[in-house]
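> My structure is in structure-v7.cif, and what it holds is mmCIF, C-alpha atoms and all ligand atoms:
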```cif
data_my_file
loop_
_atom_site.label_atom_id
_atom_site.label_comp_id
_atom_site.auth_asym_id
_atom_site.auth_seq_id
_atom_site.Cartn_x
_atom_site.Cartn_y
_atom_site.Cartn_z
CA MET I 1335 -31.48 -40.92 4.81
CA SER I 1336 -31.16 -37.17 4.32
CA LYS I 1337 -28.07 -35.74 2.66
CA PRO I 1338 -25.37 -34.23 4.91
CA THR I 1339 -25.23 -30.43 4.80
CA VAL I 1340 -22.11 -28.44 3.97
CA PHE I 1341 -21.85 -24.77 4.94
CA ILE I 1342 -19.53 -22.72 2.73
CA SER I 1343 -18.52 -19.09 3.36
CA GLY I 1344 -17.87 -16.82 0.37
CA ALA I 1345 -20.09 -19.00 -1.84
CA ASN I 1346 -19.89 -16.71 -4.88
CA GLY I 1347 -16.06 -16.76 -4.95
CA PHE I 1348 -14.09 -18.21 -7.87
CA ILE I 1349 -12.96 -21.30 -5.93
CA ALA I 1350 -16.16 -21.68 -3.88
CA GLN I 1351 -18.36 -21.91 -6.99
CA HIS I 1352 -16.32 -24.89 -8.20
CA ILE I 1353 -16.55 -26.53 -4.77
CA ILE I 1354 -20.34 -26.10 -4.75
CA LYS I 1355 -20.58 -27.44 -8.31
CA GLN I 1356 -18.69 -30.61 -7.33
CA LEU I 1357 -20.75 -31.05 -4.15
CA LEU I 1358 -24.05 -30.72 -6.02
CA ASP I 1359 -22.89 -32.83 -8.99
CA SER I 1360 -22.05 -35.63 -6.54
CA LYS I 1361 -25.74 -35.66 -5.50
CA THR I 1362 -24.42 -36.49 -2.01
CA TYR I 1363 -24.64 -33.16 -0.20
CA LYS I 1364 -26.91 -30.22 0.52
CA VAL I 1365 -25.14 -26.85 0.51
CA VAL I 1366 -25.78 -23.68 2.49
CA GLY I 1367 -23.59 -20.83 1.25
CA SER I 1368 -22.97 -17.32 2.55
CA VAL I 1369 -22.72 -14.29 0.28
CA ARG I 1370 -22.58 -10.58 1.06
CA SER I 1371 -25.85 -9.38 -0.50
CA ALA I 1372 -29.23 -10.45 -1.85
CA ALA I 1373 -28.14 -9.48 -5.38
CA LYS I 1374 -25.14 -11.85 -5.17
CA ALA I 1375 -27.40 -14.60 -3.84
CA GLU I 1376 -29.82 -14.10 -6.72
CA LYS I 1377 -27.08 -14.36 -9.37
CA LEU I 1378 -25.57 -17.48 -7.80
CA GLU I 1379 -28.96 -19.18 -7.43
CA SER I 1380 -29.68 -18.46 -11.08
CA ASP I 1381 -26.23 -19.77 -12.18
CA PHE I 1382 -26.98 -23.01 -10.33
CA GLY I 1383 -30.43 -23.23 -11.97
CA ASN I 1384 -32.19 -22.75 -8.61
CA HIS I 1385 -30.83 -26.11 -7.49
CA PRO I 1386 -33.05 -27.60 -4.74
CA ASP I 1387 -29.99 -28.62 -2.66
CA LEU I 1388 -28.47 -25.12 -2.60
CA SER I 1389 -29.62 -22.36 -0.26
CA LEU I 1390 -27.93 -19.06 0.45
CA VAL I 1391 -27.71 -16.80 3.48
CA THR I 1392 -26.28 -13.32 3.89
CA VAL I 1393 -23.13 -12.57 5.90
CA GLU I 1394 -22.36 -8.97 5.07
CA ASP I 1395 -18.96 -8.35 6.56
CA LEU I 1396 -16.38 -10.80 7.86
CA SER I 1397 -14.85 -8.04 9.99
CA LYS I 1398 -17.73 -8.08 12.48
CA LEU I 1399 -16.84 -10.32 15.37
CA ASP I 1400 -20.36 -11.80 15.39
CA ALA I 1401 -20.65 -11.99 11.58
CA PHE I 1402 -21.65 -15.68 11.46
CA ASP I 1403 -23.47 -15.91 14.81
CA SER I 1404 -27.06 -15.38 13.69
CA VAL I 1405 -26.72 -17.76 10.71
CA PHE I 1406 -25.12 -20.44 12.88
CA LYS I 1407 -27.66 -19.95 15.73
CA GLU I 1408 -30.46 -20.52 13.22
CA HIS I 1409 -29.00 -23.25 10.98
CA GLY I 1410 -25.87 -24.57 12.76
CA ALA I 1411 -27.54 -27.70 14.13
CA SER I 1412 -28.08 -28.89 10.54
CA PHE I 1413 -24.43 -28.44 9.44
CA ASP I 1414 -22.24 -31.54 9.03
CA TYR I 1415 -19.24 -29.91 7.39
CA ILE I 1416 -17.80 -26.38 7.09
CA PHE I 1417 -15.75 -24.83 4.30
CA HIS I 1418 -14.33 -21.43 5.18
CA THR I 1419 -13.21 -19.93 1.88
CA ALA I 1420 -14.20 -16.26 2.33
CA SER I 1421 -11.29 -13.84 2.69
CA PRO I 1422 -10.31 -10.64 0.87
CA VAL I 1423 -8.27 -11.31 -2.30
CA VAL I 1424 -8.33 -7.74 -3.61
CA PHE I 1425 -5.23 -5.71 -4.26
CA THR I 1426 -6.83 -2.39 -5.22
CA ILE I 1427 -7.20 -1.37 -1.58
CA THR I 1428 -5.33 1.20 0.46
CA ASP I 1429 -6.39 0.44 4.05
CA PHE I 1430 -4.61 -2.90 4.42
CA GLN I 1431 -5.56 -3.34 8.08
CA ASN I 1432 -9.30 -2.76 7.72
CA GLU I 1433 -9.88 -4.07 4.21
CA MET I 1434 -7.57 -7.13 4.25
CA ILE I 1435 -6.25 -8.17 7.65
CA THR I 1436 -9.24 -7.55 9.94
CA PRO I 1437 -11.83 -9.36 7.76
CA ALA I 1438 -9.52 -12.36 7.24
CA VAL I 1439 -8.64 -12.68 10.92
CA ASN I 1440 -12.00 -11.79 12.52
CA GLY I 1441 -13.91 -13.84 9.94
CA THR I 1442 -11.92 -16.97 10.74
CA LYS I 1443 -12.10 -16.46 14.50
CA ASN I 1444 -15.84 -15.96 14.38
CA ILE I 1445 -16.76 -18.83 12.06
CA PHE I 1446 -14.57 -21.22 14.05
CA GLU I 1447 -16.10 -20.16 17.39
CA ALA I 1448 -19.62 -20.22 15.93
CA THR I 1449 -19.00 -23.77 14.70
CA VAL I 1450 -17.91 -24.91 18.16
CA LYS I 1451 -20.84 -23.12 19.86
CA TYR I 1452 -23.75 -23.64 17.52
CA ALA I 1453 -22.92 -26.53 15.17
CA PRO I 1454 -22.57 -29.65 17.35
CA ASN I 1455 -22.86 -32.12 14.45
CA VAL I 1456 -19.91 -30.82 12.40
CA LYS I 1457 -17.37 -33.54 11.63
CA LYS I 1458 -14.84 -31.59 9.58
CA PHE I 1459 -13.83 -27.93 9.19
CA VAL I 1460 -11.89 -27.22 6.01
CA GLN I 1461 -10.18 -23.86 5.73
CA THR I 1462 -8.93 -22.33 2.50
CA SER I 1463 -5.59 -20.85 3.43
CA SER I 1464 -2.86 -20.15 0.87
CA SER I 1465 0.76 -20.75 -0.02
CA ALA I 1466 1.08 -17.14 1.20
CA ALA I 1467 0.86 -18.57 4.73
CA LEU I 1468 3.95 -20.67 4.05
CA ARG I 1469 6.70 -18.09 3.42
CA ASN I 1470 7.42 -14.37 3.35
CA PRO I 1471 6.94 -12.52 0.05
CA GLU I 1472 10.67 -12.02 -0.51
CA ALA I 1473 11.31 -15.74 0.05
CA SER I 1474 8.94 -16.56 -2.83
CA THR I 1475 11.61 -15.53 -5.32
CA ASP I 1476 14.60 -17.04 -3.48
CA PRO I 1477 15.63 -20.37 -5.05
CA SER I 1478 17.55 -21.36 -1.90
CA VAL I 1479 14.26 -21.50 0.07
CA ASN I 1480 12.50 -24.87 0.41
CA VAL I 1481 8.80 -24.70 1.29
CA THR I 1482 6.98 -27.71 2.77
CA GLU I 1483 3.76 -28.44 4.64
CA LYS I 1484 5.59 -27.42 7.85
CA SER I 1485 6.56 -23.92 6.65
CA TRP I 1486 5.10 -20.63 7.92
CA ASN I 1487 5.63 -16.98 7.06
CA THR I 1488 7.15 -14.92 9.86
CA LEU I 1489 5.55 -11.56 9.12
CA GLY I 1490 4.60 -9.21 11.94
CA LEU I 1491 1.51 -7.00 12.00
CA GLU I 1492 3.26 -3.65 11.81
CA GLU I 1493 5.27 -4.32 8.64
CA SER I 1494 2.20 -5.93 7.06
CA THR I 1495 -0.02 -2.86 7.26
CA LYS I 1496 2.21 -0.91 4.86
CA ASP I 1497 2.27 -3.11 1.79
CA TYR I 1498 -0.59 -4.97 0.08
CA ILE I 1499 1.38 -8.15 -0.65
CA LYS I 1500 2.64 -8.38 2.93
CA ALA I 1501 -0.89 -7.63 4.16
CA TYR I 1502 -2.24 -10.57 2.13
CA PHE I 1503 0.50 -12.95 3.28
CA TYR I 1504 0.02 -11.85 6.90
CA SER I 1505 -3.78 -12.14 6.66
CA LYS I 1506 -3.57 -15.73 5.40
CA GLY I 1507 -0.88 -16.89 7.84
CA THR I 1508 -2.59 -15.33 10.85
CA ALA I 1509 -6.08 -16.55 9.92
CA GLU I 1510 -4.74 -20.08 9.47
CA LYS I 1511 -2.89 -20.03 12.80
CA ILE I 1512 -6.11 -18.93 14.52
CA SER I 1513 -7.88 -22.08 13.32
CA TRP I 1514 -5.12 -24.43 14.46
CA GLU I 1515 -4.91 -22.63 17.83
CA LEU I 1516 -8.68 -22.54 18.42
CA HIS I 1517 -8.99 -26.17 17.39
CA GLU I 1518 -6.75 -27.10 20.28
CA LYS I 1519 -7.79 -24.44 22.79
CA LEU I 1520 -11.54 -25.03 22.43
CA GLY I 1521 -11.16 -28.81 22.31
CA ALA I 1522 -13.12 -28.88 19.05
CA LYS I 1523 -14.76 -32.26 18.42
CA PHE I 1524 -14.47 -31.92 14.66
CA GLU I 1525 -11.36 -32.51 12.53
CA LEU I 1526 -9.50 -29.67 10.80
CA THR I 1527 -7.90 -29.73 7.34
CA VAL I 1528 -6.24 -26.69 5.79
CA ILE I 1529 -5.77 -26.19 2.05
CA ASN I 1530 -2.80 -24.06 0.92
CA PRO I 1531 -3.08 -23.43 -2.82
CA VAL I 1532 -0.57 -21.53 -4.95
CA TYR I 1533 -1.84 -19.38 -7.89
CA VAL I 1534 -5.24 -20.85 -8.76
CA PHE I 1535 -5.96 -20.81 -12.49
CA GLY I 1536 -8.68 -22.36 -14.64
CA PRO I 1537 -12.07 -21.66 -16.15
CA GLN I 1538 -14.84 -19.91 -14.25
CA ALA I 1539 -17.54 -22.28 -12.99
CA PHE I 1540 -20.04 -20.39 -15.16
CA ASP I 1541 -19.63 -18.44 -18.40
CA SER I 1542 -21.62 -15.62 -16.77
CA SER I 1543 -18.58 -14.89 -14.54
CA VAL I 1544 -16.32 -14.22 -17.55
CA SER I 1545 -15.85 -10.46 -17.75
CA ASN I 1546 -13.25 -8.04 -19.16
CA HIS I 1547 -11.36 -8.11 -15.87
CA LEU I 1548 -11.23 -11.31 -13.81
CA ASN I 1549 -10.26 -12.04 -10.21
CA PHE I 1550 -6.58 -11.63 -9.28
CA SER I 1551 -5.22 -15.07 -10.24
CA CYS I 1552 -7.39 -15.58 -13.35
CA GLU I 1553 -6.37 -12.17 -14.64
CA VAL I 1554 -2.85 -13.58 -15.23
CA ILE I 1555 -4.14 -15.64 -18.19
CA ASN I 1556 -6.90 -13.18 -19.18
CA SER I 1557 -4.40 -10.32 -19.48
CA ILE I 1558 -2.27 -12.37 -21.89
CA VAL I 1559 -5.32 -13.20 -24.05
CA HIS I 1560 -5.89 -9.43 -24.26
CA SER I 1561 -2.23 -8.45 -24.63
CA LYS I 1562 -0.93 -6.59 -27.69
CA PHE I 1563 1.60 -7.95 -30.16
CA ASN I 1564 5.10 -6.51 -29.72
CA THR I 1565 4.15 -4.94 -26.40
CA PRO I 1566 5.72 -6.26 -23.19
CA LEU I 1567 3.32 -8.23 -20.98
CA SER I 1568 1.77 -5.78 -18.54
CA ASN I 1569 1.24 -8.37 -15.82
CA SER I 1570 4.36 -10.51 -16.12
CA VAL I 1571 4.57 -12.98 -13.23
CA LYS I 1572 6.28 -16.22 -12.26
CA GLY I 1573 5.09 -18.67 -9.64
CA ASN I 1574 3.52 -22.05 -8.99
CA PHE I 1575 0.11 -22.98 -10.35
CA ILE I 1576 -2.83 -25.30 -9.62
CA ASP I 1577 -6.16 -25.79 -11.41
CA VAL I 1578 -9.27 -24.53 -9.64
CA ARG I 1579 -11.07 -27.82 -10.33
CA ASP I 1580 -8.29 -29.66 -8.50
CA VAL I 1581 -8.49 -27.18 -5.62
CA ALA I 1582 -12.22 -27.85 -5.38
CA ARG I 1583 -11.66 -31.61 -5.54
CA ALA I 1584 -9.13 -31.50 -2.69
CA HIS I 1585 -11.65 -29.56 -0.56
CA VAL I 1586 -14.37 -32.15 -1.26
CA GLU I 1587 -12.00 -35.07 -0.65
CA ALA I 1588 -11.00 -33.49 2.68
CA LEU I 1589 -14.58 -33.80 3.97
CA THR I 1590 -14.50 -37.55 4.25
CA SER I 1591 -10.86 -38.64 4.03
CA ASP I 1592 -9.45 -39.49 7.46
CA LYS I 1593 -5.95 -39.34 5.96
CA LEU I 1594 -6.43 -35.62 5.36
CA SER I 1595 -7.49 -34.76 8.93
CA GLY I 1596 -5.01 -32.56 10.76
CA GLN I 1597 -3.08 -31.92 7.53
CA ARG I 1598 -2.02 -28.83 5.63
CA LEU I 1599 -2.26 -29.58 1.90
CA ILE I 1600 -0.04 -27.60 -0.45
CA LEU I 1601 -1.84 -27.60 -3.79
CA SER I 1602 0.76 -26.94 -6.48
CA GLU I 1603 1.33 -28.79 -9.74
CA ASN I 1604 4.36 -26.99 -11.14
CA ILE I 1605 5.88 -23.63 -11.98
CA PHE I 1606 4.75 -21.12 -14.63
CA SER I 1607 5.63 -17.74 -16.04
CA SER I 1608 3.56 -15.34 -18.12
CA GLU I 1609 5.90 -16.07 -21.05
CA LEU I 1610 5.23 -19.81 -20.76
CA ILE I 1611 1.47 -19.16 -20.79
CA ALA I 1612 1.84 -16.85 -23.83
CA ASN I 1613 3.75 -19.64 -25.61
CA ILE I 1614 0.96 -22.16 -24.94
CA ILE I 1615 -1.72 -19.74 -26.13
CA ASN I 1616 0.21 -18.97 -29.34
CA GLU I 1617 0.67 -22.69 -30.00
CA LYS I 1618 -2.87 -23.84 -29.20
CA PHE I 1619 -4.83 -20.85 -30.56
CA PRO I 1620 -3.34 -20.00 -33.98
CA GLN I 1621 -6.11 -17.44 -34.52
CA LEU I 1622 -4.38 -15.30 -31.85
CA ASN I 1623 -0.90 -15.47 -33.47
CA GLY I 1624 0.29 -11.99 -34.36
CA LYS I 1625 -2.40 -10.43 -32.15
CA ILE I 1626 -1.17 -11.18 -28.64
CA ALA I 1627 2.27 -11.24 -26.98
CA LYS I 1628 4.52 -13.31 -29.21
CA PRO I 1629 6.18 -16.51 -27.96
CA SER I 1630 9.52 -16.13 -26.22
CA PRO I 1631 11.93 -18.93 -25.41
CA ILE I 1632 11.88 -19.73 -21.70
CA SER I 1633 12.44 -23.02 -19.89
CA ASN I 1634 11.27 -24.33 -16.53
CA GLU I 1635 14.95 -24.40 -15.45
CA GLU I 1636 15.23 -20.67 -16.16
CA ILE I 1637 11.98 -19.90 -14.28
CA SER I 1638 12.98 -21.99 -11.28
CA LYS I 1639 16.10 -19.82 -10.80
CA HIS I 1640 13.72 -17.06 -9.64
CA LEU I 1641 11.43 -19.07 -7.36
CA ALA I 1642 11.51 -20.80 -3.99
CA ASN I 1643 11.22 -24.58 -4.27
CA ILE I 1644 7.79 -25.84 -3.25
CA ASP I 1645 8.13 -29.43 -2.08
CA ASN I 1646 4.61 -30.85 -1.70
CA HIS I 1647 5.33 -34.53 -2.18
CA VAL I 1648 3.62 -35.25 1.17
CA THR I 1649 0.38 -33.63 -0.07
CA LYS I 1650 0.58 -35.40 -3.43
CA GLY I 1651 0.97 -38.70 -1.58
CA LEU I 1652 -2.15 -38.06 0.52
CA LEU I 1653 -4.55 -37.09 -2.27
CA SER I 1654 -6.25 -39.70 -4.45
CA PHE I 1655 -5.82 -37.85 -7.76
CA GLU I 1656 -3.25 -36.08 -9.94
CA PHE I 1657 -3.30 -32.38 -10.76
CA ARG I 1658 -4.00 -30.92 -14.20
CA ASP I 1659 -1.04 -29.58 -16.18
CA LEU I 1660 -0.51 -26.02 -17.42
CA THR I 1661 -1.46 -26.73 -21.04
CA THR I 1662 -4.83 -28.22 -20.03
CA ILE I 1663 -5.54 -25.28 -17.74
CA VAL I 1664 -4.58 -22.65 -20.32
CA VAL I 1665 -6.54 -24.34 -23.14
CA ASP I 1666 -9.70 -24.70 -21.01
CA THR I 1667 -9.46 -21.15 -19.68
CA VAL I 1668 -8.75 -19.45 -23.00
CA SER I 1669 -11.43 -21.52 -24.78
CA GLN I 1670 -14.01 -20.29 -22.28
CA ILE I 1671 -12.92 -16.65 -22.65
CA LEU I 1672 -12.97 -16.81 -26.48
CA ASN I 1673 -16.35 -18.61 -26.57
CA VAL I 1674 -17.95 -16.02 -24.30
CA GLU I 1675 -16.44 -13.14 -26.27
CA ALA I 1676 -17.58 -14.65 -29.59
CA LYS I 1677 -21.18 -14.60 -28.32
CA LYS I 1678 -21.07 -10.89 -27.42
P1 LIG Q 1 -12.71 -14.53 -4.64
O1 LIG Q 1 -13.33 -14.98 -5.90
O2 LIG Q 1 -12.38 -13.09 -4.49
O3 LIG Q 1 -13.63 -14.99 -3.42
C1 LIG Q 1 -13.48 -14.46 -2.15
C2 LIG Q 1 -14.78 -14.58 -1.39
O4 LIG Q 1 -14.64 -13.96 -0.09
C3 LIG Q 1 -15.93 -13.85 -2.08
O5 LIG Q 1 -17.13 -14.53 -1.86
C4 LIG Q 1 -15.94 -12.52 -1.35
O6 LIG Q 1 -17.18 -11.84 -1.40
C5 LIG Q 1 -15.65 -12.97 0.07
N1 LIG Q 1 -15.17 -11.85 0.87
C6 LIG Q 1 -14.03 -11.13 0.70
N2 LIG Q 1 -13.95 -10.16 1.61
C7 LIG Q 1 -15.06 -10.25 2.39
C8 LIG Q 1 -15.54 -9.52 3.51
N3 LIG Q 1 -14.88 -8.48 4.04
N4 LIG Q 1 -16.73 -9.89 4.05
C9 LIG Q 1 -17.42 -10.95 3.53
N5 LIG Q 1 -17.00 -11.68 2.48
C10 LIG Q 1 -15.83 -11.34 1.91
O7 LIG Q 1 -11.35 -15.31 -4.36
P2 LIG Q 1 -10.91 -16.83 -4.58
O8 LIG Q 1 -9.77 -16.79 -5.51
O9 LIG Q 1 -12.07 -17.70 -4.87
O10 LIG Q 1 -10.33 -17.14 -3.12
C11 LIG Q 1 -11.03 -17.94 -2.18
C12 LIG Q 1 -10.07 -18.31 -1.07
O11 LIG Q 1 -8.94 -18.99 -1.63
C13 LIG Q 1 -9.52 -17.12 -0.29
O12 LIG Q 1 -9.45 -17.48 1.06
C14 LIG Q 1 -8.11 -16.94 -0.87
O13 LIG Q 1 -7.23 -16.36 0.05
C15 LIG Q 1 -7.74 -18.38 -1.16
N6 LIG Q 1 -6.70 -18.52 -2.21
C16 LIG Q 1 -6.91 -18.06 -3.48
C17 LIG Q 1 -5.90 -18.23 -4.43
C18 LIG Q 1 -6.08 -17.77 -5.86
O14 LIG Q 1 -5.08 -17.81 -6.61
N7 LIG Q 1 -7.25 -17.36 -6.31
C19 LIG Q 1 -4.69 -18.83 -4.08
C20 LIG Q 1 -4.52 -19.28 -2.76
C21 LIG Q 1 -5.53 -19.13 -1.82
P3 LIG Q 1 -17.47 -10.77 -2.59
O15 LIG Q 1 -17.52 -11.53 -3.87
O16 LIG Q 1 -18.76 -10.17 -2.20
O17 LIG Q 1 -16.33 -9.79 -2.55
#
```
Using structure tokens, write down the structure that the file contains.

Amino acid sequence: MSKPTVFISGANGFIAQHIIKQLLDSKTYKVVGSVRSAAKAEKLESDFGNHPDLSLVTVEDLSKLDAFDSVFKEHGASFDYIFHTASPVVFTITDFQNEMITPAVNGTKNIFEATVKYAPNVKKFVQTSSSAALRNPEASTDPSVNVTEKSWNTLGLEESTKDYIKAYFYSKGTAEKISWELHEKLGAKFELTVINPVYVFGPQAFDSSVSNHLNFSCEVINSIVHSKFNTPLSNSVKGNFIDVRDVARAHVEALTSDKLSGQRLILSENIFSSELIANIINEKFPQLNGKIAKPSPISNEEISKHLANIDNHVTKGLLSFEFRDLTTIVVDTVSQILNVEAKK
């Protein structure tokens, strides 16, 4: 029997590469991924050692309302599962409507409609949303707020075009709502599962992706590895974390687990702060002592005074595995960065 085929948008993304790795390692699936250019396809194919079960197609711009149509018209009949991970996660932009909101919203609308129209054999559509869809930015730091799998942000379009954080939160909430609404309105025959991760940390799927500046969430740890002693952390943040390998595993589990159909899964292990990460790095990598930000006493109780409570016990009860802890994530991430830098 031939292997079922999974289509994944944004195949060269940080999270998507881990999903593809797990799919191919399982030897159970074939993967068709979309990237924005031939050069990106070439790099990804080479990272995966020209794997015979991986093929790549080009979808240049999510903003175009027919972005996925030609790919789905040509290959849709062979797709059994869809992962929609592609969405802008860049905060160096100025046109929040056109560079963040429109691609997130149009991309989701189009891939969902293309799946209904041209991919009759799809059994499950898994969308990568975000904890940003679950509450407004200001609520993220309010300890009286309780966030669950039923929570939504309440941002409107107008306020969200003026601020990059609001634009991201709005883009994720609106794109997710579109999938739930279209699922019902179009009477889709496939099941829908949505994944809502918090800050996603962890090693890159391939050493070749380790560079001086990493993607938004990974830069939190990378910037501490490259911080200066006795200098305040330039990128000091607090929030909830999850390991990218656990995010990928939840996506893969969602393909075949009936329990996960129709669910929103909040992927969050615990809370972190930049200071906590700096403490772990100082403890586990003595060669960096005296070179990077020095340890500072901070407890989880202190951090939680500045964060909304994320209650994801429902999600944890649905998944078959436990999430990695912060020390494991930091050690694996920093080890990869130091190994790559030592080879330069
Ligand atoms: P990433 O590495 O930046 O990957 C994003 C992917 O989307 C890339 O393949 C990117 O292509 C593609 N993309 C972005 N804008 C596009 C556009 N206008 N047209 C076509 N493709 C576009 O980010 P990631 O961290 O893996 O995030 C993947 C998903 O997880 C996103 O939906 C994000 O919102 C969600 N998420 C991430 C985190 C996190 O902490 N990282 C947390 C919660 C949710 P290029 O590489 O060509 O730009």
> Neighbouring residues of stretch 1463-1477 of chain I were defined as those with any atom within 8 Å, considering only C-alpha atoms; residues of the same chain fewer than 3 positions away were excluded. Please report them as JSON, numbers by chain.
{"I": [1419, 1480, 1481, 1482, 1483, 1484, 1485, 1486, 1487, 1488, 1489, 1499, 1500, 1502, 1503, 1504, 1506, 1507, 1508, 1509, 1510, 1528, 1529, 1530, 1531, 1532, 1600, 1638, 1639, 1640, 1641, 1642, 1643]}
> Would you please work out which residue, of I:Ile1555, I:Leu1378, I:Leu1672, I:Leu1599, is nearest to I:Ala1350 when using all atoms listed in the file?
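For I:Ala1350, the nearest of the given residues is I:Leu1378.
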> Would you kindly return, as a ChimeraX atom specification, each protein, DNA or RNA residue with an atom no farther than 8 Å from any atom of I:Lys1398, considering only C-alpha atoms and excluding same-chain residues fewer than 6 positions away?
/I:1437,1440-1441
> Show which residues sit within 8 Å of I:Asp1541, as a ChimeraX atom specification. Count all atoms listed in the file, and ignore same-chain residues fewer than 2 positions away.
/I:1538-1539,1543-1544,1670,1674
> Figure out the distance between atom CA of I:Leu1567 and atom CA of I:Ser1608, please, to one decimal in Å.
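Computing it gives 7.7 Å between the two atoms.
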> Taking only C-alpha atoms and all ligand atoms and a cut-off of 8 Å, can you tell me which residues surround ligand LIG 1 (chain Q), written as a ChimeraX atom specification?
/I:1343-1351,1368-1371,1374,1393-1397,1418-1424,1433-1434,1437-1438,1441,1461-1466,1502,1506,1530-1535,1549-1552
> I'd like the contact shell of I:Lys1650 - 10 Å cut-off, all atoms listed in the file, skipping same-chain residues fewer than 5 positions apart - returned as a compact mmCIF listing (two decimals) with C-alpha atoms, keeping the file's coordinate frame.

```txt
# COMPACT_ATOMS: atom_id res chain seq x y z
CA LEU I 1599 -2.26 -29.58 1.90
CA ILE I 1600 -0.04 -27.60 -0.45
CA LEU I 1601 -1.84 -27.60 -3.79
CA SER I 1602 0.76 -26.94 -6.48
CA GLU I 1603 1.33 -28.79 -9.74
CA ASP I 1645 8.13 -29.43 -2.08
CA PHE I 1655 -5.82 -37.85 -7.76
CA GLU I 1656 -3.25 -36.08 -9.94
CA PHE I 1657 -3.30 -32.38 -10.76
```
> At what distance in Å, to one decimal, does atom CA of I:Thr1362 lie from atom CA of I:Trp1514?
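Separation of atom CA of I:Trp1514 and atom CA of I:Thr1362: 28.1 Å.
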> Between I:Thr1662, I:Gln1597, I:Asn1546, I:Asn1564, single out the one closest to I:Ala1627, counting only C-alpha atoms.
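For I:Ala1627, the nearest of the candidates is I:Asn1564.
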> In Å, how far is it from atom CA of I:Glu1493 to atom CA of I:Ile1427?
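The value is 16.4 Å.
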> So that I can check the surroundings of I:Lys1628, please list as an NGL selection string every protein, DNA and RNA residue that reaches within 8 Å of it, counting only C-alpha atoms and ignoring chain neighbours fewer than 3 positions away.
:I and (1563-1564 or 1612-1613 or 1616 or 1623-1624)
> What box, with edges along x, y and z, holds each listed atom of stretch 1347-1360 of chain I when 6 Å is added on every side, and can you state its centre and edge lengths in Å to one decimal, as AutoDock Vina command-line options?

```
--center_x -18.5 --center_y -26.2 --center_z -6.4 --size_x 23.1 --size_y 30.9 --size_z 17.1
```
> Find the residues with any atom within 9 Å of (-27.0, -19.9, 14.9); use all atoms listed in the file and the coordinates as given in the file, and write the answer as a PyMOL selection string.
chain I and resi 1402-1411+1448-1449+1451-1453
> Limit the output to C-alpha atoms and give stretch 1399-1429 of chain I as a PDB file, in the first residue's frame.

```pdb
ATOM      1  CA  LEU I1399      -6.389  34.819  -2.989  1.00  0.00           C
ATOM      2  CA  ASP I1400      -5.566  31.990  -5.412  1.00  0.00           C
ATOM      3  CA  ALA I1401      -2.099  31.301  -3.957  1.00  0.00           C
ATOM      4  CA  PHE I1402      -2.633  27.547  -3.457  1.00  0.00           C
ATOM      5  CA  ASP I1403      -5.065  26.907  -6.332  1.00  0.00           C
ATOM      6  CA  SER I1404      -2.660  25.737  -9.022  1.00  0.00           C
ATOM      7  CA  VAL I1405      -0.745  23.438  -6.630  1.00  0.00           C
ATOM      8  CA  PHE I1406      -3.975  21.930  -5.299  1.00  0.00           C
ATOM      9  CA  LYS I1407      -5.513  21.575  -8.804  1.00  0.00           C
ATOM     10  CA  GLU I1408      -2.433  19.612  -9.869  1.00  0.00           C
ATOM     11  CA  HIS I1409      -1.667  17.563  -6.738  1.00  0.00           C
ATOM     12  CA  GLY I1410      -4.712  17.895  -4.435  1.00  0.00           C
ATOM     13  CA  ALA I1411      -6.194  14.507  -5.314  1.00  0.00           C
ATOM     14  CA  SER I1412      -3.107  12.840  -3.816  1.00  0.00           C
ATOM     15  CA  PHE I1413      -3.270  14.692  -0.461  1.00  0.00           C
ATOM     16  CA  ASP I1414      -4.505  12.803   2.620  1.00  0.00           C
ATOM     17  CA  TYR I1415      -3.638  15.388   5.264  1.00  0.00           C
ATOM     18  CA  ILE I1416      -2.930  19.141   5.354  1.00  0.00           C
ATOM     19  CA  PHE I1417      -0.720  21.124   7.721  1.00  0.00           C
ATOM     20  CA  HIS I1418      -1.095  24.878   7.341  1.00  0.00           C
ATOM     21  CA  THR I1419       1.878  26.374   9.171  1.00  0.00           C
ATOM     22  CA  ALA I1420       2.801  29.290   6.872  1.00  0.00           C
ATOM     23  CA  SER I1421       2.115  32.744   8.294  1.00  0.00           C
ATOM     24  CA  PRO I1422       4.262  35.850   8.781  1.00  0.00           C
ATOM     25  CA  VAL I1423       6.215  35.800  12.069  1.00  0.00           C
ATOM     26  CA  VAL I1424       8.369  38.850  11.340  1.00  0.00           C
ATOM     27  CA  PHE I1425       8.419  41.927  13.494  1.00  0.00           C
ATOM     28  CA  THR I1426      10.728  44.130  11.415  1.00  0.00           C
ATOM     29  CA  ILE I1427       7.862  45.256   9.190  1.00  0.00           C
ATOM     30  CA  THR I1428       6.067  48.574   8.977  1.00  0.00           C
ATOM     31  CA  ASP I1429       3.017  47.801   6.825  1.00  0.00           C
TER      32      ASP I1429
END
```
